[in-house]
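Text of my_file_25.cif (mmCIF, C-alpha atoms (C1' of nucleotides)) as supplied:
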data_coords
loop_
_atom_site.label_atom_id
_atom_site.label_comp_id
_atom_site.auth_asym_id
_atom_site.auth_seq_id
_atom_site.Cartn_x
_atom_site.Cartn_y
_atom_site.Cartn_z
CA MET A 1042 208.70 47.09 26.75
CA SER A 1043 207.74 44.11 24.71
CA GLY A 1044 205.53 42.98 21.87
CA PHE A 1045 204.99 44.31 18.42
CA ASP A 1046 207.97 46.27 17.14
CA ASP A 1047 207.58 46.88 13.44
CA VAL A 1048 208.62 43.35 12.56
CA GLU A 1049 205.39 43.03 10.64
CA ALA A 1050 204.68 45.41 7.82
CA ASN A 1051 201.65 47.67 7.75
CA ASP A 1052 200.29 45.54 4.92
CA ASP A 1053 199.87 42.69 7.35
CA LEU A 1054 198.09 44.95 9.82
CA ALA A 1055 195.72 46.10 7.09
CA ILE A 1056 194.94 42.46 6.29
CA ILE A 1057 194.12 41.85 9.95
CA GLY A 1058 191.76 44.82 9.82
CA HIS A 1059 189.91 43.40 6.86
CA ARG A 1060 189.67 39.96 8.44
CA LEU A 1061 188.15 41.64 11.48
CA LEU A 1062 185.57 43.45 9.36
CA ALA A 1063 184.62 40.23 7.59
CA TRP A 1064 184.03 38.60 10.97
CA TYR A 1065 181.99 41.60 12.11
CA GLU A 1066 179.66 41.37 9.13
CA ARG A 1067 178.67 37.87 10.18
CA HIS A 1068 178.73 38.19 13.95
CA ARG A 1069 177.89 41.77 14.90
CA ARG A 1070 175.48 42.16 17.79
CA ASP A 1071 172.05 43.52 17.03
CA LEU A 1072 171.92 46.55 19.33
CA PRO A 1073 169.28 49.31 19.36
CA TRP A 1074 171.74 52.13 18.63
CA ARG A 1075 172.99 50.28 15.56
CA HIS A 1076 169.65 50.64 13.84
CA ASP A 1077 170.19 54.15 12.51
CA GLN A 1078 172.92 56.72 11.99
CA ASN A 1079 171.23 59.56 13.87
CA PRO A 1080 174.17 61.36 15.52
CA TYR A 1081 172.07 62.38 18.52
CA ALA A 1082 171.05 58.78 19.19
CA ILE A 1083 174.63 57.58 18.79
CA TRP A 1084 175.77 60.30 21.19
CA VAL A 1085 173.22 59.29 23.84
CA ALA A 1086 174.24 55.65 23.50
CA GLU A 1087 177.95 56.40 23.79
CA ILE A 1088 177.45 58.47 26.94
CA MET A 1089 175.30 55.78 28.53
CA LEU A 1090 177.81 53.09 27.60
CA GLN A 1091 180.67 54.77 29.44
CA GLN A 1092 181.71 52.28 32.14
CA THR A 1093 178.32 50.62 31.86
CA ARG A 1094 177.31 47.21 30.54
CA VAL A 1095 175.46 46.91 27.26
CA GLU A 1096 172.65 44.84 28.82
CA THR A 1097 172.06 47.56 31.40
CA VAL A 1098 172.08 50.37 28.86
CA ILE A 1099 169.57 48.94 26.38
CA ALA A 1100 166.41 49.62 28.42
CA TYR A 1101 167.62 53.06 29.53
CA TYR A 1102 168.53 53.97 25.98
CA GLN A 1103 165.12 53.05 24.62
CA ARG A 1104 163.23 54.91 27.35
CA PHE A 1105 165.49 57.93 27.03
CA LEU A 1106 164.99 58.27 23.27
CA GLN A 1107 161.27 57.82 23.69
CA ARG A 1108 161.20 60.53 26.32
CA PHE A 1109 163.68 62.84 24.51
CA PRO A 1110 163.41 61.89 20.80
CA THR A 1111 165.55 64.75 19.51
CA LEU A 1112 168.42 66.91 20.59
CA GLU A 1113 165.99 69.84 20.77
CA ALA A 1114 163.63 67.91 23.02
CA LEU A 1115 166.49 67.12 25.36
CA ALA A 1116 167.67 70.73 25.40
CA LYS A 1117 164.18 71.99 26.23
CA ALA A 1118 163.64 69.55 29.10
CA PRO A 1119 164.37 70.48 32.71
CA LEU A 1120 167.43 68.84 34.23
CA ASP A 1121 165.20 67.08 36.77
CA ASP A 1122 163.46 65.19 33.98
CA VAL A 1123 166.79 64.12 32.52
CA LEU A 1124 168.04 62.93 35.90
CA LYS A 1125 164.79 61.05 36.41
CA ALA A 1126 165.39 59.23 33.12
CA TRP A 1127 168.93 58.49 34.27
CA GLU A 1128 167.85 57.29 37.73
CA GLY A 1129 169.67 54.07 38.65
CA LEU A 1130 172.15 54.21 35.79
CA GLY A 1131 174.94 55.78 37.84
CA TYR A 1132 177.63 58.36 37.10
CA TYR A 1133 175.05 61.12 37.08
CA ALA A 1134 177.50 63.74 35.87
CA ARG A 1135 176.97 62.09 32.49
CA ALA A 1136 173.32 63.16 32.51
CA ARG A 1137 174.11 66.69 33.66
CA ASN A 1138 176.86 67.07 31.04
CA LEU A 1139 174.72 65.58 28.28
CA HIS A 1140 171.93 68.01 29.10
CA ARG A 1141 174.28 70.99 29.26
CA ALA A 1142 175.96 69.97 26.00
CA ALA A 1143 172.59 69.58 24.26
CA ARG A 1144 171.62 73.12 25.24
CA TRP A 1145 174.97 74.41 24.01
CA VAL A 1146 174.63 72.63 20.65
CA VAL A 1147 171.13 74.03 20.16
CA GLN A 1148 172.18 77.56 21.08
CA GLU A 1149 175.60 77.80 19.49
CA MET A 1150 175.62 75.17 16.75
CA ASN A 1151 172.12 75.55 15.39
CA GLY A 1152 171.28 72.13 16.80
CA ARG A 1153 173.92 70.34 14.72
CA LEU A 1154 176.45 68.09 16.38
CA PRO A 1155 179.96 68.72 15.04
CA ALA A 1156 181.33 65.92 12.87
CA ARG A 1157 185.00 66.10 13.73
CA SER A 1158 186.40 64.33 16.76
CA GLU A 1159 188.37 67.33 17.94
CA ASP A 1160 185.23 69.51 17.94
CA LEU A 1161 183.08 66.85 19.59
CA SER A 1162 185.56 66.52 22.43
CA ARG A 1163 184.85 70.12 23.43
CA LEU A 1164 181.38 69.09 24.56
CA PRO A 1165 181.12 68.45 28.29
CA GLY A 1166 181.16 64.73 29.00
CA VAL A 1167 182.72 63.90 25.63
CA GLY A 1168 186.33 62.80 25.99
CA GLN A 1169 188.72 61.37 23.45
CA TYR A 1170 187.05 57.98 23.32
CA THR A 1171 183.48 59.25 22.94
CA ALA A 1172 184.49 61.92 20.43
CA SER A 1173 186.16 59.31 18.25
CA ALA A 1174 183.25 56.92 18.62
CA ILE A 1175 180.68 59.51 17.51
CA ALA A 1176 182.91 60.84 14.73
CA SER A 1177 183.51 57.37 13.32
CA ILE A 1178 180.09 55.77 13.82
CA ALA A 1179 177.82 58.73 13.09
CA PHE A 1180 179.96 60.73 10.65
CA GLY A 1181 182.27 58.17 9.03
CA GLN A 1182 185.46 59.87 10.15
CA ASP A 1183 188.64 57.77 10.35
CA ALA A 1184 189.13 57.87 14.11
CA VAL A 1185 190.14 55.04 16.44
CA ALA A 1186 187.89 54.89 19.51
CA LEU A 1187 190.15 53.35 22.11
CA ASP A 1188 187.96 51.98 24.88
CA GLY A 1189 188.52 49.20 27.39
CA ASN A 1190 187.70 46.52 24.82
CA LEU A 1191 190.17 47.85 22.28
CA ARG A 1192 192.89 48.16 24.89
CA ARG A 1193 192.44 44.57 25.95
CA VAL A 1194 192.21 43.17 22.42
CA LEU A 1195 195.16 45.17 21.12
CA CYS A 1196 197.37 44.40 24.12
CA ARG A 1197 196.75 40.71 23.52
CA LEU A 1198 196.98 40.86 19.74
CA PHE A 1199 200.37 42.57 19.87
CA GLY A 1200 201.57 41.03 23.13
CA ILE A 1201 201.92 44.35 24.92
CA ASP A 1202 202.55 44.08 28.63
CA ASP A 1203 202.76 47.79 29.40
CA ASP A 1204 200.08 49.37 31.60
CA PRO A 1205 197.25 50.20 29.15
CA GLY A 1206 196.20 53.05 31.44
CA ARG A 1207 199.36 55.02 30.69
CA THR A 1208 199.27 57.77 28.10
CA ASN A 1209 202.27 56.37 26.24
CA THR A 1210 200.72 52.93 25.96
CA GLN A 1211 197.46 54.37 24.71
CA ARG A 1212 199.25 56.36 22.06
CA ARG A 1213 201.01 53.22 20.92
CA LEU A 1214 197.81 51.18 20.86
CA THR A 1215 196.07 53.90 18.88
CA GLU A 1216 198.87 53.95 16.32
CA LEU A 1217 198.67 50.20 15.88
CA ALA A 1218 194.90 50.37 15.46
CA GLU A 1219 195.30 53.17 12.92
CA ALA A 1220 197.58 50.92 10.90
CA MET A 1221 194.91 48.21 10.92
CA LEU A 1222 192.03 50.56 10.15
CA PRO A 1223 190.45 50.16 6.69
CA SER A 1224 190.01 53.70 5.44
CA GLY A 1225 186.44 54.95 5.51
CA GLN A 1226 185.21 52.12 7.75
CA ALA A 1227 186.35 53.25 11.16
CA GLY A 1228 182.86 53.03 12.64
CA ASP A 1229 182.54 49.36 11.80
CA PHE A 1230 186.18 48.76 12.66
CA ASN A 1231 185.81 50.21 16.15
CA GLN A 1232 182.60 48.34 16.80
CA ALA A 1233 184.13 45.14 15.42
CA LEU A 1234 186.93 45.37 17.97
CA MET A 1235 184.39 46.11 20.70
CA ASP A 1236 182.27 43.11 19.72
CA LEU A 1237 185.34 40.92 19.52
CA GLY A 1238 186.29 42.09 23.02
CA ALA A 1239 182.78 41.49 24.31
CA MET A 1240 182.18 38.08 22.74
CA ILE A 1241 185.54 36.40 22.03
CA CYS A 1242 188.45 38.28 23.55
CA THR A 1243 186.73 38.57 26.92
CA PRO A 1244 188.49 39.77 30.10
CA THR A 1245 188.62 36.26 31.57
CA THR A 1246 188.97 33.01 29.59
CA PRO A 1247 189.02 34.41 26.05
CA GLN A 1248 187.64 32.06 23.37
CA CYS A 1249 190.77 32.05 21.26
CA LEU A 1250 189.73 29.06 19.15
CA LEU A 1251 186.77 31.07 17.85
CA CYS A 1252 188.81 34.20 17.17
CA PRO A 1253 189.08 35.44 13.59
CA LEU A 1254 192.54 36.82 14.43
CA LEU A 1255 193.80 33.57 15.95
CA GLY A 1256 196.74 33.15 13.58
CA SER A 1257 197.92 36.72 14.17
CA CYS A 1258 197.67 36.99 17.95
CA ARG A 1259 201.04 37.37 19.60
CA SER A 1260 199.85 36.67 23.15
CA GLN A 1261 197.97 33.54 22.10
CA GLN A 1262 201.09 32.23 20.33
CA GLU A 1263 203.04 32.79 23.54
CA GLY A 1264 200.25 31.39 25.71
CA ILE A 1265 200.01 34.56 27.80
CA GLN A 1266 196.59 35.78 26.63
CA ASN A 1267 195.20 35.32 30.13
CA GLU A 1268 197.92 37.52 31.63
CA LEU A 1269 197.17 40.51 29.39
CA PRO A 1270 196.45 43.28 29.70
CA ILE A 1271 198.24 43.89 32.97
CA ARG A 1272 196.06 45.59 35.51
CA ALA A 1273 196.60 47.71 38.59
CA THR A 1274 194.79 46.41 41.66
CA ARG A 1275 192.22 48.58 43.33
CA GLY A 1276 193.17 50.23 46.59
CA HIS A 1277 191.41 49.70 49.90
CA ARG A 1278 187.84 50.98 50.03
CA PRO A 1279 186.89 52.69 53.27
CA HIS A 1280 183.55 52.23 55.00
CA ARG A 1281 181.09 54.91 56.04
CA ASP A 1282 178.07 54.75 58.32
CA VAL A 1283 175.42 57.15 57.07
CA THR A 1284 172.08 58.09 58.63
CA ALA A 1285 168.95 59.15 56.80
CA GLY A 1286 165.78 60.62 58.30
CA VAL A 1287 162.33 59.77 57.00
CA ILE A 1288 160.82 62.88 58.52
CA TRP A 1289 157.01 63.07 58.63
CA ASP A 1290 154.91 66.12 59.31
CA ASP A 1291 151.35 65.94 60.66
CA ASN A 1292 149.81 65.53 57.18
CA ASP A 1293 151.61 62.40 55.94
CA HIS A 1294 154.17 64.41 54.04
CA VAL A 1295 157.82 63.40 54.15
CA LEU A 1296 160.76 65.76 53.77
CA ILE A 1297 163.21 65.18 50.91
CA THR A 1298 166.21 67.26 49.91
CA ARG A 1299 168.20 67.69 46.72
CA ARG A 1300 171.96 67.18 46.67
CA PRO A 1301 174.29 69.85 45.27
CA LEU A 1302 175.06 69.47 41.55
CA ASP A 1303 178.72 68.67 42.04
CA GLY A 1304 180.00 65.54 43.68
CA LEU A 1305 178.46 62.20 44.55
CA LEU A 1306 174.90 61.69 43.26
CA GLY A 1307 174.87 65.37 42.31
CA GLY A 1308 171.40 66.74 41.62
CA LEU A 1309 169.59 63.68 42.95
CA TRP A 1310 167.07 63.73 45.78
CA GLU A 1311 167.53 61.94 49.09
CA PHE A 1312 166.28 61.53 52.60
CA PRO A 1313 168.30 64.08 54.58
CA GLY A 1314 171.06 62.91 56.89
CA GLY A 1315 174.77 62.36 56.67
CA LYS A 1316 177.97 60.67 57.74
CA ARG A 1317 178.38 59.41 61.25
CA ARG A 1318 181.45 60.79 63.02
CA PRO A 1319 183.80 58.49 64.98
CA GLY A 1320 182.24 57.57 68.30
CA GLU A 1321 178.94 59.25 67.50
CA ALA A 1322 175.68 57.40 68.14
CA LEU A 1323 173.42 57.04 65.10
CA PRO A 1324 170.46 59.06 66.46
CA ALA A 1325 172.86 61.79 67.58
CA CYS A 1326 174.35 61.85 64.10
CA LEU A 1327 170.93 62.28 62.57
CA HIS A 1328 169.94 65.04 64.99
CA ARG A 1329 173.16 66.88 64.21
CA GLU A 1330 172.90 66.53 60.43
CA ILE A 1331 169.27 67.64 60.32
CA SER A 1332 170.05 70.58 62.54
CA GLU A 1333 173.05 71.59 60.40
CA GLU A 1334 171.46 71.07 57.00
CA LEU A 1335 167.87 72.14 57.59
CA ALA A 1336 167.79 74.01 60.92
CA ILE A 1337 164.74 72.12 62.18
CA GLN A 1338 164.08 70.05 65.27
CA ILE A 1339 163.01 66.43 64.92
CA GLN A 1340 162.23 63.46 67.06
CA VAL A 1341 164.19 60.38 65.99
CA GLY A 1342 162.14 57.19 66.26
CA GLU A 1343 162.79 53.58 65.34
CA LEU A 1344 165.37 52.26 62.90
CA LEU A 1345 163.33 51.33 59.82
CA VAL A 1346 165.86 49.60 57.59
CA THR A 1347 169.61 49.13 57.19
CA ILE A 1348 171.02 49.18 53.67
CA GLU A 1349 174.46 48.02 52.54
CA HIS A 1350 175.59 49.86 49.45
CA VAL A 1351 178.80 49.69 47.43
CA PHE A 1352 180.18 52.72 45.62
CA THR A 1353 183.29 52.67 43.46
CA HIS A 1354 185.45 54.15 46.16
CA PHE A 1355 183.76 53.31 49.48
CA PHE A 1356 181.28 51.05 51.25
CA MET A 1357 178.24 52.57 52.88
CA THR A 1358 175.89 51.30 55.54
CA LEU A 1359 172.79 53.46 55.41
CA TYR A 1360 170.56 53.58 58.51
CA ALA A 1361 167.09 54.98 57.82
CA PHE A 1362 165.17 56.20 60.87
CA ASP A 1363 161.52 56.99 61.25
CA CYS A 1364 161.36 60.63 62.39
CA ARG A 1365 158.80 63.27 63.26
CA TRP A 1366 159.08 66.95 62.51
CA LEU A 1367 158.79 68.96 65.71
CA SER A 1368 159.54 72.60 64.99
CA GLY A 1369 161.21 75.07 62.68
CA SER A 1370 160.69 75.80 59.00
CA PRO A 1371 163.28 73.80 57.01
CA LYS A 1372 165.93 75.89 55.27
CA CYS A 1373 168.24 74.77 52.46
CA LEU A 1374 171.59 75.12 54.17
CA GLY A 1375 173.43 72.10 52.80
CA CYS A 1376 171.19 71.26 49.87
CA LEU A 1377 169.95 72.63 46.55
CA ASP A 1378 166.24 72.31 47.24
CA LEU A 1379 163.72 70.63 49.52
CA GLN A 1380 160.13 69.37 49.30
CA TRP A 1381 157.43 67.94 51.55
CA VAL A 1382 155.80 65.14 49.54
CA THR A 1383 153.44 62.22 49.95
CA LEU A 1384 154.62 58.68 49.41
CA ASP A 1385 152.96 58.64 45.98
CA GLU A 1386 154.61 61.86 44.91
CA LEU A 1387 158.10 60.42 45.45
CA ASP A 1388 157.89 58.86 41.99
CA ALA A 1389 158.45 62.23 40.35
CA TYR A 1390 161.89 62.65 41.90
CA ALA A 1391 165.18 60.96 41.02
CA PHE A 1392 166.89 59.09 43.86
CA GLY A 1393 170.05 57.04 44.09
CA VAL A 1394 169.65 53.30 44.45
CA ALA A 1395 170.28 53.20 48.20
CA ASP A 1396 167.51 55.74 48.85
CA GLN A 1397 165.22 53.90 46.42
CA LYS A 1398 165.53 50.95 48.77
CA ILE A 1399 164.27 53.12 51.61
CA ILE A 1400 161.28 54.06 49.44
CA SER A 1401 160.58 50.39 48.68
CA PHE A 1402 160.67 49.69 52.38
CA LEU A 1403 158.22 52.50 53.15
CA ARG A 1404 155.81 51.11 50.56
CA SER A 1405 156.06 47.44 51.46
CA ASP A 1406 156.17 47.55 55.24
CA SER A 1407 153.05 49.47 56.22
CA PRO A 1408 154.44 52.79 57.43
CA SER A 1409 154.47 53.38 61.15
CA HIS A 1410 152.81 56.77 60.98
CA ILE A 1411 149.47 55.31 59.89
"C1'" DA B 1060 198.95 61.21 37.19
"C1'" DA B 1061 195.81 59.93 40.37
"C1'" DC B 1062 191.56 60.13 42.10
"C1'" DG B 1063 186.35 60.89 42.48
"C1'" DC B 1064 182.45 59.33 40.33
"C1'" DG B 1065 177.39 54.34 40.45
"C1'" DT B 1066 175.59 50.31 39.71
"C1'" DG B 1067 174.74 45.49 38.77
"C1'" DG B 1068 176.72 41.13 37.03
"C1'" DT B 1069 179.97 37.45 37.44
"C1'" DG B 1070 183.24 33.63 38.78
"C1'" DT C 1110 183.14 43.88 54.03
"C1'" DC C 1111 184.73 38.76 47.78
"C1'" DA C 1112 187.30 40.93 44.04
"C1'" DC C 1113 186.82 42.59 39.80
"C1'" DC C 1114 184.79 44.35 36.11
"C1'" DA C 1115 181.81 47.45 32.06
"C1'" DA C 1116 181.77 51.30 25.07
"C1'" DG C 1117 185.45 57.03 30.49
"C1'" DC C 1118 185.42 61.85 31.94
"C1'" DG C 1119 186.75 65.90 34.66
"C1'" DT C 1120 189.80 67.86 37.71
#
Please lay out the structure from this file as structure tokens.
Amino acid sequence: MSGFDDVEANDDLAIIGHRLLAWYERHRRDLPWRHDQNPYAIWVAEIMLQQTRVETVIAYYQRFLQRFPTLEALAKAPLDDVLKAWEGLGYYARARNLHRAARWVVQEMNGRLPARSEDLSRLPGVGQYTASAIASIAFGQDAVALDGNLRRVLCRLFGIDDDPGRTNTQRRLTELAEAMLPSGQAGDFNQALMDLGAMICTPTTPQCLLCPLLGSCRSQQEGIQNELPIRATRGHRPHRDVTAGVIWDDNDHVLITRRPLDGLLGGLWEFPGGKRRPGEALPACLHREISEELAIQIQVGELLVTIEHVFTHFFMTLYAFDCRWLSGSPKCLGCLDLQWVTLDELDAYAFGVADQKIISFLRSDSPSHI
DNA sequence: AACGCGTGGTG
DNA sequence: TCACCAAGCGT
């Protein structure tokens, strides 16, 4: 335990909050989702921003709102369209949950998002942070939205060296932020702390001399701003070899399959294949996986391309082989759906980034089957 | 509480 | 496998 311990009065914290808001008025970032107060748009933005950089989100956000301008439009759309709009953004459960929640709101709530944080957090994909963010930004509720930025800024501001991932620490940080929060301005207050975290109080080499809270920052006074917040190191990431078959029939159609809705890349399409077992040769692995998942016979040809891909929790080397369908009608044993498609038709389906690289290869390097 | 869940950017 | 990170959530 260390740091802020009620030495300062709440008055001082309130003053810090106002100083922060004054800074925000002058320096706030001009971001697309800050242009209107439409709760649906704010919701979409907050889901996209989970664990994802602002610069990455902007283009997705604009395309998504163009494609699904209203909550009703999103609810009416097929999941495949939503996943296609999410393609490449990662954490695809966000798209599935957003879609499911939109349908629920239309059916059960007459298309109106709830305004209170505790009701918002009942929506799938909306946790404590997102519920507070929507409630404060879209509905003006006094709720602290404790995200990674706020944790970092508050740990430094109050010199807190407890693990910010722990529930107790988060409760403490939230209480401190609540004491700073100017009543009725939580939306701006939350976003001010986020902008401060993004522009000044950055993870590495914070720009303390530019900080509006310079005189109040405990960690800066002690010279330990670079040591906070403390952070657990990531564990070892295992490696997997994975095979994928680009399986052609006699009419220039290639076989693609759809992954189950739960788990990694759930609901996305892929070139069928799977994990290599210890000691197994790559072509043998592909034969086995195709036999298990689709119950067809194929001829495995040349290795087309090798792709290194990094997931959060493992490394993957993906080996894509040129294959030919020999016999058997494919059955969906390990997948949700399957399709024979031409190269041009692949555009209609959502793939993960590793499989998109296979597609790029097929289009650039003149395909061997021609 | 700890882990599974994506991707691209950065020093 | 360079490590680490970015507006977290569900189980």
Query - Top pick for closest residue to DA1115 (chain C), considering A:Ala1239, A:Met1150, A:Ala1114, A:Ala1143 and counting all atoms listed in the file - result: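 Looking at the shortest contact to DA1115 (chain C), the residue is A:Ala1239.
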Mind listing as a PDB file with C-alpha atoms (C1' of nucleotides), keeping the file's coordinate frame all residues within 12 Å of (188.0, 42.7, 38.9), counting all atoms listed in the file?
ATOM      1  CA  PRO A1244     188.490  39.770  30.100  1.00  0.00           C
ATOM      2  CA  THR A1245     188.620  36.260  31.570  1.00  0.00           C
ATOM      3  CA  ILE A1271     198.240  43.890  32.970  1.00  0.00           C
ATOM      4  CA  ARG A1272     196.060  45.590  35.510  1.00  0.00           C
ATOM      5  CA  ALA A1273     196.600  47.710  38.590  1.00  0.00           C
ATOM      6  CA  THR A1274     194.790  46.410  41.660  1.00  0.00           C
ATOM      7  CA  ARG A1275     192.220  48.580  43.330  1.00  0.00           C
ATOM      8  CA  GLY A1276     193.170  50.230  46.590  1.00  0.00           C
ATOM      9  CA  THR A1353     183.290  52.670  43.460  1.00  0.00           C
TER      10      THR A1353
ATOM     11  C1'  DG B1068     176.720  41.130  37.030  1.00  0.00           C
ATOM     12  C1'  DT B1069     179.970  37.450  37.440  1.00  0.00           C
ATOM     13  C1'  DG B1070     183.240  33.630  38.780  1.00  0.00           C
TER      14       DG B1070
ATOM     15  C1'  DC C1111     184.730  38.760  47.780  1.00  0.00           C
ATOM     16  C1'  DA C1112     187.300  40.930  44.040  1.00  0.00           C
ATOM     17  C1'  DC C1113     186.820  42.590  39.800  1.00  0.00           C
ATOM     18  C1'  DC C1114     184.790  44.350  36.110  1.00  0.00           C
ATOM     19  C1'  DA C1115     181.810  47.450  32.060  1.00  0.00           C
TER      20       DA C1115
END
Report task. For chain A, work out the contacting residues on chain C at 7 Å, counting all atoms listed in the file, and write them as a VMD selection string. Result -> chain C and resid 1115 to 1118
Report task. Grab the CA of Ala1156 (chain A) to CA of Leu1222 (chain A) distance for me, in Å with one decimal place. Result -> 18.9 Å
Report task. Apply the PyMOL selection byres ((chain A and resi 1268) around 12) to the file shown and report the selected residues as a ChimeraX atom specification. Result -> /A:1193,1196-1197,1200-1203,1244-1247,1260-1261,1263-1267,1269-1272
May I have the selected residues written with C-alpha atoms, as a PDB file, in the frame of the given file?
ATOM      1  CA  ARG A1193     192.440  44.570  25.950  1.00  0.00           C
ATOM      2  CA  CYS A1196     197.370  44.400  24.120  1.00  0.00           C
ATOM      3  CA  ARG A1197     196.750  40.710  23.520  1.00  0.00           C
ATOM      4  CA  GLY A1200     201.570  41.030  23.130  1.00  0.00           C
ATOM      5  CA  ILE A1201     201.920  44.350  24.920  1.00  0.00           C
ATOM      6  CA  ASP A1202     202.550  44.080  28.630  1.00  0.00           C
ATOM      7  CA  ASP A1203     202.760  47.790  29.400  1.00  0.00           C
ATOM      8  CA  PRO A1244     188.490  39.770  30.100  1.00  0.00           C
ATOM      9  CA  THR A1245     188.620  36.260  31.570  1.00  0.00           C
ATOM     10  CA  THR A1246     188.970  33.010  29.590  1.00  0.00           C
ATOM     11  CA  PRO A1247     189.020  34.410  26.050  1.00  0.00           C
ATOM     12  CA  SER A1260     199.850  36.670  23.150  1.00  0.00           C
ATOM     13  CA  GLN A1261     197.970  33.540  22.100  1.00  0.00           C
ATOM     14  CA  GLU A1263     203.040  32.790  23.540  1.00  0.00           C
ATOM     15  CA  GLY A1264     200.250  31.390  25.710  1.00  0.00           C
ATOM     16  CA  ILE A1265     200.010  34.560  27.800  1.00  0.00           C
ATOM     17  CA  GLN A1266     196.590  35.780  26.630  1.00  0.00           C
ATOM     18  CA  ASN A1267     195.200  35.320  30.130  1.00  0.00           C
ATOM     19  CA  LEU A1269     197.170  40.510  29.390  1.00  0.00           C
ATOM     20  CA  PRO A1270     196.450  43.280  29.700  1.00  0.00           C
ATOM     21  CA  ILE A1271     198.240  43.890  32.970  1.00  0.00           C
ATOM     22  CA  ARG A1272     196.060  45.590  35.510  1.00  0.00           C
TER      23      ARG A1272
END
Requested in this report: Excluding Trp1366 (chain A) and any residue of its chain fewer than 3 positions from it, enumerate the residues within 9 Å of it, using only C-alpha atoms (C1' of nucleotides), and give them as a PyMOL selection string.
Outcome: chain A and resi 1288-1291+1296+1337-1340+1369
Report task. Apply the PyMOL selection byres ((chain B) within 6 of (chain A)) to the displayed file and report the matching residues as a count of residues only. Result -> 3
Query raised in the report: What does the distance from CA of Leu1367 (chain A) to CA of Trp1381 (chain A) come to in Å, to one decimal?
Result: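 Interatomic distance, CA of Leu1367 (chain A) to CA of Trp1381 (chain A): 14.3 Å.
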Query - Hits from the PyMOL selection byres ((chain A and resi 1371) around 6), listed as a list in words - result: Leu1335, Ala1336, Ile1337, Ser1370 and Lys1372 of chain A
**Report entry** Two-atom distance - CA of Thr1383 (chain A), CA of His1294 (chain A) (Å)
**Finding:**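 Atom-to-atom, CA of Thr1383 (chain A) to CA of His1294 (chain A), that is 4.7 Å.
The nearest approach to DG1067 (chain B) among the residues A:Ile1400, A:Val1098, A:Ile1057, A:Ile1241, with all atoms listed in the file taken into account, belongs to A:Val1098.
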Report, as AutoDock Vina command-line options, the axis-aligned box around all atoms of region 1305-1313 of chain A present in the file, extended by 3 Å on each side; give centre and edge lengths in Å to one decimal place.
--center_x 172.4 --center_y 64.1 --center_z 48.1 --size_x 18.2 --size_y 11.2 --size_z 19.0
